[in-house]
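Trainee: This is the structure, below, for whatever I ask next.
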Amino acid sequence: MCEFPRLFSPLKVGPVIMKNRIETGPMSIVEMDAKECLTDQAIAFYEGLAAGGAAVVTVGESIVRTQHGKTHTQQLMLGRDEVRYCLEKVADAIHAHGALASIEINHGGCMADPRYNNGNKAIGPVSFVDEWGDEVIGMDEEMMDDVANAFAEAVETVRDCGFDMAMIHCGHGWLLHQFLSPYYNTRTDEYGGSIEGRAKFPLMVIDRIRQRVGRSIALDMRISGCEFIEGGLEIDDVVRFCKMVEDKVDMINVSAGAPWTKRMAISIFEERGINSEFSAAVKKVVTKIPVTAVGGYADPALMERHLEEGRADAFVLGRSILADPMLPHKARTGSADKIRRCLRCYVCNEAQYFKNRTLYCSINPTAGREYEAKMFPPPAPRRKVLVAGGGPAGMQAAITAARRGHEVVLYEKTGELGGALKFARHIPFKEDVQIFAETLERELRAEKNVTVHLNTPVTRELIEKEKPDLVIAAIGADPFVPPIKGLDNEIVVNATEMFDQGIKIGKKVVIIGGGLVGCESGLHLADEGRDVTIIEMRDEVAIDATHDHRRFMMPLLEEKVRCVCSMTVSEVTDEGVKAMA
């Protein structure tokens, strides 16, 4: 009997039926070829999501064919003949595993970048000059007509390429959201003012799509339940707009925020499923079609409870399904305790948007390498592998080697597994990391080809006794200790050890070093009611944090912790800490 019967019940969405209540969210495409089409790796990524058991797999950011809609390079331009072939291939790959194929369709509006649109200026609800000095052109009715036709053409294209569903994006700051938002849309004509006026162009787009394709493809609509900008779109207007489209679309996905605000991709400082307050509000008035929620869902028990409470009819998973594509399968088959829950660390965002446009995940080593993983031949011959170290790297190495068919022995010098992750058990907002450590250990213990030895350091003699074919050194690292006078004072403790040695932390705390560990430790100690000062020699704190994690952490630090930058600690004494500029 399934542990989550509501989550794994079917759901009718227009002309199609979802086999369960889990849809993969549209994520940015990071693998495109010289013709700006999906590579075999990108297709393998989506195929892997389908193989994991999701009911709907949604291809990420695609742009309707216009002269002014792209915001960055990694977006499919729908309508181009070159794109049709890769769309057919990815739809077939998704269908091969029994999932429905969907695709996100949008237009950048005033967020579009002239560099990716042959120098053409961006368009939006009103004319203005953006923060980079580029002119944005306010749309007239001819432009609206062209864009509406482009949306209709895009949906027709994806339908003809085998897609079962199209997600029309009316949220997250894209063009249709810009018209709905009173912050962006300050027009004084019939396309502005009240929500009825601001909704007129988005409704035109949806009507134009239906005129072109009828009910031959399911239409999903994504919208932000709140914009989180003063003077922006609020839930009351969102609910009114959703009621307007109830008879025009087949499903409504309620997200939140925008890339520059909050809760579009929730942080560790927010509750999982927090956006369900908005989906529940929409669901109260939209009764004819399903309403889905997004917002850090990774626990099937939470999804089951929110279904029972009527907060949503299904769930859209982004980072959670990237962290563990097998999440639906594990939940359905009684292995929910082995789901690798997303850490919400934003490493995936960092790699895609701020570094080298690659797909990467802190806890899923095959993310971005799905195509390569399909090609790995079975090992020959079977080898004996000794892993030194039972931290996250050692456990993952042992799991991977065992699943490849090797005999593995893992030695850990302490009495428990987890390594540096054990620190997280003491900090409430690091719960995701602690859960991952426990999940990794369960995975390791379940592997029949792995033998674990605790309280046993790896020595030359041990290696000679075991006679392994290969030794993997996963011994971690020791923290750098700067040459500061007085660090041997009994009042000084390393941050990673302060909870594990029975040390009593006083009321007033000085943290030397404002990197990520120092900042998160300081924030936790401040939450416990301590007076915390962080001294950092660089100009800013937490510069080693990912961009988005730092963005959400800094306001909390500024509120709760005293951060002193551009100062160097010279000495620690019984009376305190000496520092100089």
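Residue numbering restarts at 1 for every chain of the structure tokens, chains are lettered A, B, ... in their displayed order, and ligands are numbered from 1 as they appear.
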Give me the residues within 8 Å of Asn120 of chain A as a ChimeraX atom specification, counting only C-alpha atoms and dropping any in the same chain fewer than 5 places off.
Mentor: /A:67-68,114-115
Trainee: Just to be explicit: take each residue in the selection above, keep all heavy atoms, and write the result as a PDB file, in the first residue's frame.
Mentor:
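Below you can see part33.pdb, which holds the result:
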ATOM      1  N   GLN A  67      11.537  39.888 -31.823  1.00  0.00           N
ATOM      2  CA  GLN A  67      12.834  40.555 -31.976  1.00  0.00           C
ATOM      3  C   GLN A  67      13.346  41.128 -30.666  1.00  0.00           C
ATOM      4  O   GLN A  67      14.386  41.780 -30.643  1.00  0.00           O
ATOM      5  CB  GLN A  67      12.711  41.687 -33.006  1.00  0.00           C
ATOM      6  CG  GLN A  67      12.306  41.217 -34.391  1.00  0.00           C
ATOM      7  CD  GLN A  67      13.297  40.221 -34.969  1.00  0.00           C
ATOM      8  OE1 GLN A  67      14.509  40.429 -34.940  1.00  0.00           O
ATOM      9  NE2 GLN A  67      12.782  39.114 -35.495  1.00  0.00           N
ATOM     10  N   HIS A  68      12.645  40.869 -29.550  1.00  0.00           N
ATOM     11  CA  HIS A  68      13.004  41.598 -28.332  1.00  0.00           C
ATOM     12  C   HIS A  68      12.663  40.848 -27.050  1.00  0.00           C
ATOM     13  O   HIS A  68      12.443  41.475 -26.020  1.00  0.00           O
ATOM     14  CB  HIS A  68      12.272  42.944 -28.317  1.00  0.00           C
ATOM     15  CG  HIS A  68      10.899  42.906 -28.935  1.00  0.00           C
ATOM     16  ND1 HIS A  68       9.907  42.026 -28.528  1.00  0.00           N
ATOM     17  CD2 HIS A  68      10.384  43.610 -29.964  1.00  0.00           C
ATOM     18  CE1 HIS A  68       8.826  42.213 -29.270  1.00  0.00           C
ATOM     19  NE2 HIS A  68       9.084  43.156 -30.160  1.00  0.00           N
ATOM     20  N   PRO A 114      19.186  43.828 -24.918  1.00  0.00           N
ATOM     21  CA  PRO A 114      19.447  44.096 -26.340  1.00  0.00           C
ATOM     22  C   PRO A 114      20.601  43.281 -26.915  1.00  0.00           C
ATOM     23  O   PRO A 114      20.614  42.973 -28.113  1.00  0.00           O
ATOM     24  CB  PRO A 114      19.757  45.596 -26.369  1.00  0.00           C
ATOM     25  CG  PRO A 114      19.042  46.151 -25.178  1.00  0.00           C
ATOM     26  CD  PRO A 114      19.138  45.072 -24.132  1.00  0.00           C
ATOM     27  N   ARG A 115      21.562  42.892 -26.091  1.00  0.00           N
ATOM     28  CA  ARG A 115      22.708  42.126 -26.567  1.00  0.00           C
ATOM     29  C   ARG A 115      22.289  40.783 -27.165  1.00  0.00           C
ATOM     30  O   ARG A 115      22.981  40.241 -28.036  1.00  0.00           O
ATOM     31  CB  ARG A 115      23.688  41.868 -25.423  1.00  0.00           C
ATOM     32  CG  ARG A 115      24.414  43.105 -24.931  1.00  0.00           C
ATOM     33  CD  ARG A 115      25.314  42.759 -23.760  1.00  0.00           C
ATOM     34  NE  ARG A 115      24.560  42.251 -22.626  1.00  0.00           N
ATOM     35  CZ  ARG A 115      25.120  41.750 -21.518  1.00  0.00           C
ATOM     36  NH1 ARG A 115      26.440  41.658 -21.426  1.00  0.00           N
ATOM     37  NH2 ARG A 115      24.362  41.323 -20.508  1.00  0.00           N
TER      38      ARG A 115
END
Trainee: Quick check for you: according to DSSP on this backbone, which residues of segment 93-277 of chain A are classed as helix (DSSP H, G or I)? Reply as a ChimeraX atom specification.
Mentor: /A:93-95,109-111,114-116,141-160,175-180,195-198,200-213,235-245,276-277
Trainee: Do you know which residues are at most 9 Å from segment 40-57 of chain A counting only C-alpha atoms, after dropping those on the same chain fewer than 5 positions away, and could you put them as a short mmCIF file (atom, residue, chain, number, x, y, z; two decimals) with all heavy atoms, in the first residue's frame?
Mentor:
data_model
loop_
_atom_site.label_atom_id
_atom_site.label_comp_id
_atom_site.auth_asym_id
_atom_site.auth_seq_id
_atom_site.Cartn_x
_atom_site.Cartn_y
_atom_site.Cartn_z
N PRO A 10 -4.14 9.97 -9.62
CA PRO A 10 -4.12 10.70 -10.90
C PRO A 10 -4.86 12.02 -10.81
O PRO A 10 -5.68 12.24 -9.91
CB PRO A 10 -4.82 9.73 -11.86
CG PRO A 10 -5.68 8.88 -10.98
CD PRO A 10 -4.94 8.75 -9.68
N ILE A 17 -4.04 13.44 -18.46
CA ILE A 17 -4.14 12.98 -17.07
C ILE A 17 -2.74 12.80 -16.51
O ILE A 17 -1.91 12.07 -17.08
CB ILE A 17 -4.92 11.65 -16.97
CG1 ILE A 17 -6.38 11.86 -17.42
CG2 ILE A 17 -4.89 11.13 -15.54
CD1 ILE A 17 -7.20 10.59 -17.42
N MET A 18 -2.46 13.48 -15.41
CA MET A 18 -1.21 13.28 -14.68
C MET A 18 -1.31 11.99 -13.87
O MET A 18 -2.31 11.77 -13.19
CB MET A 18 -0.93 14.47 -13.76
CG MET A 18 -0.66 15.78 -14.46
SD MET A 18 -0.56 17.22 -13.34
CE MET A 18 0.75 16.71 -12.19
N LYS A 19 -0.28 11.16 -13.91
CA LYS A 19 -0.32 9.89 -13.19
C LYS A 19 -0.14 10.08 -11.68
O LYS A 19 -0.46 9.18 -10.89
CB LYS A 19 0.72 8.93 -13.74
CG LYS A 19 2.17 9.37 -13.58
CD LYS A 19 3.11 8.38 -14.22
CE LYS A 19 4.57 8.82 -14.09
NZ LYS A 19 5.50 7.87 -14.76
N ASN A 20 0.43 11.20 -11.27
CA ASN A 20 0.54 11.55 -9.86
C ASN A 20 0.53 13.07 -9.74
O ASN A 20 0.25 13.77 -10.72
CB ASN A 20 1.79 10.92 -9.21
CG ASN A 20 3.08 11.35 -9.90
OD1 ASN A 20 3.37 12.52 -10.11
ND2 ASN A 20 3.90 10.35 -10.27
N ARG A 21 0.81 13.59 -8.58
CA ARG A 21 0.67 15.03 -8.34
C ARG A 21 2.01 15.76 -8.30
O ARG A 21 2.13 16.81 -7.65
CB ARG A 21 -0.09 15.26 -7.01
CG ARG A 21 -1.43 14.52 -6.89
CD ARG A 21 -2.41 14.92 -7.96
NE ARG A 21 -3.69 14.23 -7.85
CZ ARG A 21 -4.76 14.73 -7.25
NH1 ARG A 21 -4.71 15.92 -6.67
NH2 ARG A 21 -5.90 14.04 -7.23
N ILE A 22 3.00 15.24 -8.98
CA ILE A 22 4.33 15.85 -8.98
C ILE A 22 4.71 16.27 -10.39
O ILE A 22 4.74 15.45 -11.32
CB ILE A 22 5.40 14.90 -8.41
CG1 ILE A 22 5.08 14.56 -6.95
CG2 ILE A 22 6.79 15.52 -8.52
CD1 ILE A 22 6.01 13.53 -6.34
N GLU A 23 5.02 17.54 -10.55
CA GLU A 23 5.48 18.10 -11.82
C GLU A 23 6.87 18.68 -11.60
O GLU A 23 7.14 19.30 -10.56
CB GLU A 23 4.51 19.20 -12.28
CG GLU A 23 4.96 19.95 -13.53
CD GLU A 23 4.02 21.09 -13.90
OE1 GLU A 23 2.99 21.26 -13.21
OE2 GLU A 23 4.32 21.81 -14.88
N THR A 24 7.77 18.49 -12.53
CA THR A 24 9.09 19.12 -12.40
C THR A 24 8.99 20.56 -12.88
O THR A 24 8.35 20.85 -13.89
CB THR A 24 10.18 18.38 -13.19
OG1 THR A 24 10.04 18.67 -14.58
CG2 THR A 24 10.10 16.88 -12.96
N GLY A 25 9.60 21.46 -12.13
CA GLY A 25 9.55 22.87 -12.47
C GLY A 25 10.47 23.22 -13.63
O GLY A 25 11.47 22.53 -13.88
N PRO A 26 10.16 24.28 -14.33
CA PRO A 26 11.03 24.73 -15.42
C PRO A 26 12.30 25.35 -14.85
O PRO A 26 12.24 26.30 -14.08
CB PRO A 26 10.17 25.76 -16.15
CG PRO A 26 9.23 26.27 -15.11
CD PRO A 26 8.97 25.13 -14.18
N ILE A 29 17.93 26.34 -18.94
CA ILE A 29 18.66 25.40 -19.78
C ILE A 29 20.14 25.78 -19.77
O ILE A 29 20.49 26.92 -20.06
CB ILE A 29 18.12 25.44 -21.22
CG1 ILE A 29 16.62 25.09 -21.23
CG2 ILE A 29 18.90 24.50 -22.12
CD1 ILE A 29 15.93 25.43 -22.52
N VAL A 30 21.00 24.83 -19.45
CA VAL A 30 22.42 25.16 -19.38
C VAL A 30 23.24 24.47 -20.47
O VAL A 30 24.43 24.73 -20.60
CB VAL A 30 23.00 24.81 -17.99
CG1 VAL A 30 22.39 25.69 -16.94
CG2 VAL A 30 22.78 23.33 -17.67
N GLU A 31 22.61 23.59 -21.22
CA GLU A 31 23.34 22.88 -22.27
C GLU A 31 22.67 23.16 -23.62
O GLU A 31 21.61 22.62 -23.93
CB GLU A 31 23.34 21.37 -22.00
CG GLU A 31 24.29 20.94 -20.88
CD GLU A 31 25.73 20.85 -21.35
OE1 GLU A 31 25.98 20.98 -22.56
OE2 GLU A 31 26.60 20.63 -20.50
N MET A 32 23.28 24.04 -24.43
CA MET A 32 22.79 24.33 -25.76
C MET A 32 23.96 24.31 -26.74
O MET A 32 25.09 24.63 -26.37
CB MET A 32 22.09 25.69 -25.79
CG MET A 32 20.84 25.74 -24.91
SD MET A 32 20.01 27.34 -24.93
CE MET A 32 19.35 27.35 -26.59
N CYS A 86 15.03 19.30 -31.88
CA CYS A 86 15.40 18.98 -30.50
C CYS A 86 14.16 18.93 -29.61
O CYS A 86 14.12 18.17 -28.63
CB CYS A 86 16.44 19.95 -29.95
SG CYS A 86 15.84 21.61 -29.57
N LYS A 89 12.79 15.49 -30.03
CA LYS A 89 13.63 14.52 -29.34
C LYS A 89 13.39 14.54 -27.83
O LYS A 89 13.30 13.48 -27.20
CB LYS A 89 15.11 14.80 -29.63
CG LYS A 89 15.59 14.37 -31.00
CD LYS A 89 17.10 14.54 -31.14
CE LYS A 89 17.86 13.59 -30.24
NZ LYS A 89 19.32 13.69 -30.45
N VAL A 90 13.30 15.72 -27.25
CA VAL A 90 13.12 15.78 -25.80
C VAL A 90 11.73 15.32 -25.40
O VAL A 90 11.55 14.66 -24.37
CB VAL A 90 13.45 17.19 -25.26
CG1 VAL A 90 12.37 18.21 -25.60
CG2 VAL A 90 13.64 17.14 -23.74
N ALA A 91 10.71 15.62 -26.22
CA ALA A 91 9.36 15.13 -25.92
C ALA A 91 9.32 13.61 -25.97
O ALA A 91 8.72 12.96 -25.10
CB ALA A 91 8.35 15.74 -26.89
N ASP A 92 9.97 13.03 -26.95
CA ASP A 92 10.02 11.57 -27.06
C ASP A 92 10.75 10.96 -25.86
O ASP A 92 10.33 9.91 -25.33
CB ASP A 92 10.72 11.15 -28.35
CG ASP A 92 9.86 11.35 -29.59
OD1 ASP A 92 8.65 11.58 -29.43
OD2 ASP A 92 10.41 11.29 -30.71
N ALA A 93 11.84 11.58 -25.45
CA ALA A 93 12.62 11.06 -24.31
C ALA A 93 11.79 11.09 -23.03
O ALA A 93 11.87 10.17 -22.20
CB ALA A 93 13.90 11.87 -24.14
N ILE A 94 11.01 12.14 -22.84
CA ILE A 94 10.15 12.25 -21.66
C ILE A 94 9.04 11.21 -21.72
O ILE A 94 8.74 10.51 -20.74
CB ILE A 94 9.57 13.67 -21.55
CG1 ILE A 94 10.70 14.67 -21.24
CG2 ILE A 94 8.48 13.74 -20.48
CD1 ILE A 94 10.28 16.13 -21.39
N HIS A 95 8.41 11.07 -22.88
CA HIS A 95 7.31 10.11 -23.04
C HIS A 95 7.77 8.67 -22.83
O HIS A 95 6.99 7.81 -22.41
CB HIS A 95 6.70 10.25 -24.43
CG HIS A 95 5.93 11.51 -24.63
ND1 HIS A 95 5.76 12.12 -25.86
CD2 HIS A 95 5.28 12.30 -23.74
CE1 HIS A 95 5.03 13.20 -25.73
NE2 HIS A 95 4.73 13.35 -24.45
N ALA A 96 9.03 8.39 -23.14
CA ALA A 96 9.55 7.01 -23.03
C ALA A 96 9.44 6.47 -21.61
O ALA A 96 9.45 5.25 -21.41
CB ALA A 96 11.00 6.97 -23.50
N HIS A 97 9.32 7.36 -20.64
CA HIS A 97 9.24 6.93 -19.25
C HIS A 97 7.86 7.21 -18.64
O HIS A 97 7.71 7.24 -17.41
CB HIS A 97 10.34 7.60 -18.44
CG HIS A 97 11.71 7.25 -18.91
ND1 HIS A 97 12.38 6.10 -18.53
CD2 HIS A 97 12.54 7.88 -19.79
CE1 HIS A 97 13.55 6.05 -19.13
NE2 HIS A 97 13.69 7.12 -19.89
N GLY A 98 6.87 7.42 -19.50
CA GLY A 98 5.51 7.54 -19.01
C GLY A 98 5.14 8.88 -18.42
O GLY A 98 4.11 9.00 -17.74
N ALA A 99 5.94 9.91 -18.68
CA ALA A 99 5.63 11.25 -18.17
C ALA A 99 5.04 12.11 -19.28
O ALA A 99 5.25 11.84 -20.47
CB ALA A 99 6.88 11.91 -17.61
N LEU A 100 4.33 13.15 -18.90
CA LEU A 100 3.83 14.14 -19.84
C LEU A 100 4.92 15.19 -20.07
O LEU A 100 5.65 15.55 -19.14
CB LEU A 100 2.57 14.82 -19.29
CG LEU A 100 1.37 13.91 -19.01
CD1 LEU A 100 0.28 14.71 -18.29
CD2 LEU A 100 0.83 13.28 -20.28
N ALA A 101 5.01 15.67 -21.29
CA ALA A 101 6.01 16.69 -21.63
C ALA A 101 5.36 18.07 -21.63
O ALA A 101 4.35 18.30 -22.30
CB ALA A 101 6.61 16.40 -23.00
N SER A 102 5.97 18.97 -20.87
CA SER A 102 5.50 20.36 -20.82
C SER A 102 6.69 21.28 -21.09
O SER A 102 7.85 20.84 -21.05
CB SER A 102 4.88 20.68 -19.45
OG SER A 102 4.38 22.01 -19.42
N ILE A 103 6.40 22.54 -21.36
CA ILE A 103 7.47 23.50 -21.63
C ILE A 103 7.02 24.89 -21.19
O ILE A 103 5.87 25.27 -21.39
CB ILE A 103 7.86 23.50 -23.13
CG1 ILE A 103 9.06 24.42 -23.39
CG2 ILE A 103 6.68 23.85 -24.02
CD1 ILE A 103 9.69 24.22 -24.77
N MET A 165 1.62 19.68 -22.88
CA MET A 165 1.24 20.82 -22.06
C MET A 165 2.18 21.98 -22.33
O MET A 165 3.35 21.78 -22.67
CB MET A 165 1.30 20.42 -20.57
CG MET A 165 0.74 21.42 -19.59
SD MET A 165 0.92 20.86 -17.86
CE MET A 165 -0.04 19.33 -17.89
N ILE A 321 13.89 18.37 -7.23
CA ILE A 321 13.95 17.27 -8.20
C ILE A 321 15.33 17.22 -8.86
O ILE A 321 15.78 16.17 -9.32
CB ILE A 321 12.83 17.40 -9.25
CG1 ILE A 321 12.40 16.03 -9.76
CG2 ILE A 321 13.22 18.31 -10.39
CD1 ILE A 321 11.41 15.31 -8.89
N LEU A 322 16.03 18.35 -8.87
CA LEU A 322 17.41 18.36 -9.34
C LEU A 322 18.31 17.63 -8.35
O LEU A 322 19.19 16.85 -8.73
CB LEU A 322 17.90 19.80 -9.52
CG LEU A 322 19.38 20.02 -9.83
CD1 LEU A 322 19.75 19.36 -11.15
CD2 LEU A 322 19.70 21.51 -9.89
N ASP A 324 17.41 15.27 -6.29
CA ASP A 324 17.12 13.83 -6.34
C ASP A 324 16.04 13.57 -7.37
O ASP A 324 14.84 13.61 -7.07
CB ASP A 324 16.66 13.32 -4.97
CG ASP A 324 16.65 11.80 -4.90
OD1 ASP A 324 16.65 11.15 -5.98
OD2 ASP A 324 16.65 11.24 -3.79
N PRO A 325 16.44 13.29 -8.63
CA PRO A 325 15.44 13.01 -9.67
C PRO A 325 14.56 11.81 -9.36
O PRO A 325 13.45 11.70 -9.90
CB PRO A 325 16.31 12.75 -10.91
CG PRO A 325 17.61 13.45 -10.63
CD PRO A 325 17.81 13.30 -9.15
N MET A 326 15.02 10.91 -8.48
CA MET A 326 14.25 9.73 -8.13
C MET A 326 13.28 9.98 -6.99
O MET A 326 12.66 9.04 -6.48
CB MET A 326 15.20 8.58 -7.76
CG MET A 326 16.13 8.16 -8.87
SD MET A 326 15.23 7.59 -10.35
CE MET A 326 14.50 6.08 -9.72
N LEU A 327 13.11 11.21 -6.58
CA LEU A 327 12.22 11.54 -5.46
C LEU A 327 10.83 10.93 -5.61
O LEU A 327 10.33 10.28 -4.67
CB LEU A 327 12.15 13.06 -5.30
CG LEU A 327 11.36 13.65 -4.12
CD1 LEU A 327 11.89 15.03 -3.77
CD2 LEU A 327 9.86 13.74 -4.37
N PRO A 328 10.14 11.10 -6.76
CA PRO A 328 8.80 10.50 -6.87
C PRO A 328 8.82 8.98 -6.72
O PRO A 328 7.96 8.40 -6.03
CB PRO A 328 8.33 10.93 -8.26
CG PRO A 328 9.14 12.13 -8.59
CD PRO A 328 10.48 11.88 -7.96
N HIS A 329 9.77 8.33 -7.38
CA HIS A 329 9.87 6.87 -7.31
C HIS A 329 10.13 6.41 -5.87
O HIS A 329 9.49 5.45 -5.39
CB HIS A 329 10.98 6.38 -8.22
CG HIS A 329 11.24 4.90 -8.12
ND1 HIS A 329 10.40 3.96 -8.68
CD2 HIS A 329 12.24 4.22 -7.49
CE1 HIS A 329 10.88 2.74 -8.41
NE2 HIS A 329 11.98 2.88 -7.70
N LYS A 330 11.03 7.07 -5.18
CA LYS A 330 11.34 6.69 -3.80
C LYS A 330 10.13 6.87 -2.90
O LYS A 330 9.84 6.04 -2.03
CB LYS A 330 12.52 7.51 -3.29
CG LYS A 330 13.86 7.16 -3.93
CD LYS A 330 14.98 8.05 -3.41
CE LYS A 330 16.31 7.71 -4.06
NZ LYS A 330 17.42 8.61 -3.60
N ARG A 332 6.98 6.78 -3.78
CA ARG A 332 5.91 5.84 -4.16
C ARG A 332 6.21 4.43 -3.71
O ARG A 332 5.29 3.66 -3.40
CB ARG A 332 5.71 5.87 -5.67
CG ARG A 332 4.55 5.01 -6.17
CD ARG A 332 4.39 5.12 -7.68
NE ARG A 332 5.58 4.69 -8.39
CZ ARG A 332 5.86 3.42 -8.68
NH1 ARG A 332 5.04 2.45 -8.28
NH2 ARG A 332 6.96 3.10 -9.35
N ALA A 367 24.24 15.35 -11.61
CA ALA A 367 23.55 16.49 -12.21
C ALA A 367 24.47 17.15 -13.24
O ALA A 367 25.62 17.49 -12.95
CB ALA A 367 23.16 17.50 -11.14
N GLY A 368 23.97 17.32 -14.44
CA GLY A 368 24.77 17.89 -15.51
C GLY A 368 25.65 16.88 -16.21
O GLY A 368 26.36 17.22 -17.17
N ARG A 369 25.57 15.63 -15.76
CA ARG A 369 26.39 14.56 -16.36
C ARG A 369 25.53 13.34 -16.70
O ARG A 369 26.03 12.22 -16.77
CB ARG A 369 27.51 14.16 -15.40
CG ARG A 369 28.45 15.31 -15.06
CD ARG A 369 29.38 14.95 -13.91
NE ARG A 369 30.30 16.03 -13.60
CZ ARG A 369 30.00 17.08 -12.83
NH1 ARG A 369 28.79 17.18 -12.30
NH2 ARG A 369 30.89 18.02 -12.59
N GLU A 370 24.25 13.56 -16.86
CA GLU A 370 23.32 12.45 -17.10
C GLU A 370 23.66 11.68 -18.38
O GLU A 370 23.56 10.45 -18.41
CB GLU A 370 21.88 12.97 -17.16
CG GLU A 370 21.33 13.45 -15.83
CD GLU A 370 21.71 14.88 -15.50
OE1 GLU A 370 22.43 15.52 -16.33
OE2 GLU A 370 21.29 15.38 -14.43
N TYR A 371 24.06 12.40 -19.40
CA TYR A 371 24.38 11.74 -20.67
C TYR A 371 25.63 10.88 -20.52
O TYR A 371 25.68 9.74 -20.99
CB TYR A 371 24.58 12.78 -21.77
CG TYR A 371 24.79 12.20 -23.14
CD1 TYR A 371 23.73 11.61 -23.83
CD2 TYR A 371 26.04 12.23 -23.76
CE1 TYR A 371 23.91 11.07 -25.09
CE2 TYR A 371 26.23 11.69 -25.02
CZ TYR A 371 25.16 11.12 -25.68
OH TYR A 371 25.35 10.58 -26.93
N GLU A 372 26.64 11.41 -19.83
CA GLU A 372 27.86 10.63 -19.58
C GLU A 372 27.55 9.39 -18.76
O GLU A 372 28.07 8.30 -19.02
CB GLU A 372 28.88 11.48 -18.85
CG GLU A 372 29.37 12.71 -19.60
CD GLU A 372 30.23 13.60 -18.71
OE1 GLU A 372 30.98 13.05 -17.90
OE2 GLU A 372 30.12 14.83 -18.82
N LYS A 374 24.96 7.63 -18.63
CA LYS A 374 24.31 6.58 -19.42
C LYS A 374 25.34 5.74 -20.17
O LYS A 374 25.07 4.60 -20.54
CB LYS A 374 23.34 7.22 -20.43
CG LYS A 374 22.10 7.82 -19.82
CD LYS A 374 21.31 8.61 -20.85
CE LYS A 374 20.84 7.75 -22.00
NZ LYS A 374 19.98 8.52 -22.94
#
Trainee: If I take atom CA of Val316 of chain A and atom CA of Met553 of chain A, how far is one from the other in Å, to one decimal?
Mentor: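 These atoms are spaced 25.2 Å apart.
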Trainee: Any chance you could tabulate, as CSV, the residues of segment 76-130 of chain A at most 12 Å from segment 203-207 of chain A with each one's nearest atom pair and distance in Å to one decimal, using only C-alpha atoms, in chain and rising number order?
Mentor:
residue,atom,partner,partner_atom,distance
A:Ile105,CA,A:Val205,CA,11.7
A:Asn106,CA,A:Val205,CA,10.9
A:His107,CA,A:Val205,CA,11.5
Trainee: DSSP on the backbone, strand (DSSP E or B) only: what residues of segment 79-172 of chain A does that give? Format it as a list in words.
Mentor: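 Matching residues, listed in order: Leu100, Ala101, Ser102, Ile103, Glu104, Ile105, Asn106, Ala122, Ile123, Gly124, Phe128, Val129, Glu135, Val136, Ile137, Gly138, Met165, Ala166, Met167, Ile168 and His169 of chain A.
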Trainee: Let me see the file: selected residues, N, CA and C atoms, as a CSV table (one decimal), in the first residue's frame.
Mentor:
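What follows is the written file result-v4.csv:
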chain,number,residue,atom,x,y,z
A,100,LEU,N,4.3,13.1,-18.9
A,100,LEU,CA,3.8,14.1,-19.8
A,100,LEU,C,4.9,15.2,-20.1
A,101,ALA,N,5.0,15.7,-21.3
A,101,ALA,CA,6.0,16.7,-21.6
A,101,ALA,C,5.4,18.1,-21.6
A,102,SER,N,6.0,19.0,-20.9
A,102,SER,CA,5.5,20.4,-20.8
A,102,SER,C,6.7,21.3,-21.1
A,103,ILE,N,6.4,22.5,-21.4
A,103,ILE,CA,7.5,23.5,-21.6
A,103,ILE,C,7.0,24.9,-21.2
A,104,GLU,N,7.9,25.6,-20.6
A,104,GLU,CA,7.7,27.0,-20.1
A,104,GLU,C,7.8,27.9,-21.3
A,105,ILE,N,6.8,28.8,-21.5
A,105,ILE,CA,6.9,29.8,-22.6
A,105,ILE,C,6.7,31.2,-22.1
A,106,ASN,N,7.6,32.1,-22.4
A,106,ASN,CA,7.5,33.4,-21.9
A,106,ASN,C,8.2,34.4,-22.9
A,122,ALA,N,14.4,46.6,-25.6
A,122,ALA,CA,13.4,45.8,-24.8
A,122,ALA,C,12.0,46.6,-24.9
A,123,ILE,N,11.0,45.8,-24.7
A,123,ILE,CA,9.6,46.4,-24.6
A,123,ILE,C,9.0,46.1,-23.3
A,124,GLY,N,8.0,46.8,-22.9
A,124,GLY,CA,7.3,46.6,-21.7
A,124,GLY,C,6.0,47.4,-21.6
A,128,PHE,N,10.6,53.6,-20.3
A,128,PHE,CA,11.5,54.1,-19.3
A,128,PHE,C,13.0,53.7,-19.6
A,129,VAL,N,13.9,54.2,-18.9
A,129,VAL,CA,15.3,53.9,-19.1
A,129,VAL,C,15.7,53.0,-17.9
A,135,GLU,N,17.1,52.0,-23.1
A,135,GLU,CA,15.7,52.5,-23.2
A,135,GLU,C,14.8,51.3,-23.4
A,136,VAL,N,13.7,51.3,-22.7
A,136,VAL,CA,12.6,50.3,-22.8
A,136,VAL,C,11.4,51.0,-23.5
A,137,ILE,N,10.9,50.4,-24.5
A,137,ILE,CA,9.8,51.0,-25.3
A,137,ILE,C,8.5,50.5,-24.7
A,138,GLY,N,7.6,51.4,-24.4
A,138,GLY,CA,6.2,51.1,-24.0
A,138,GLY,C,5.4,50.5,-25.2
A,165,MET,N,1.6,19.7,-22.9
A,165,MET,CA,1.2,20.8,-22.1
A,165,MET,C,2.2,22.0,-22.3
A,166,ALA,N,1.7,23.2,-22.2
A,166,ALA,CA,2.5,24.4,-22.3
A,166,ALA,C,2.2,25.2,-21.0
A,167,MET,N,3.3,25.7,-20.4
A,167,MET,CA,3.2,26.6,-19.2
A,167,MET,C,3.4,28.0,-19.7
A,168,ILE,N,2.3,28.8,-19.6
A,168,ILE,CA,2.4,30.2,-20.0
A,168,ILE,C,2.8,31.0,-18.7
A,169,HIS,N,3.9,31.7,-18.8
A,169,HIS,CA,4.4,32.4,-17.6
A,169,HIS,C,3.9,33.8,-17.5
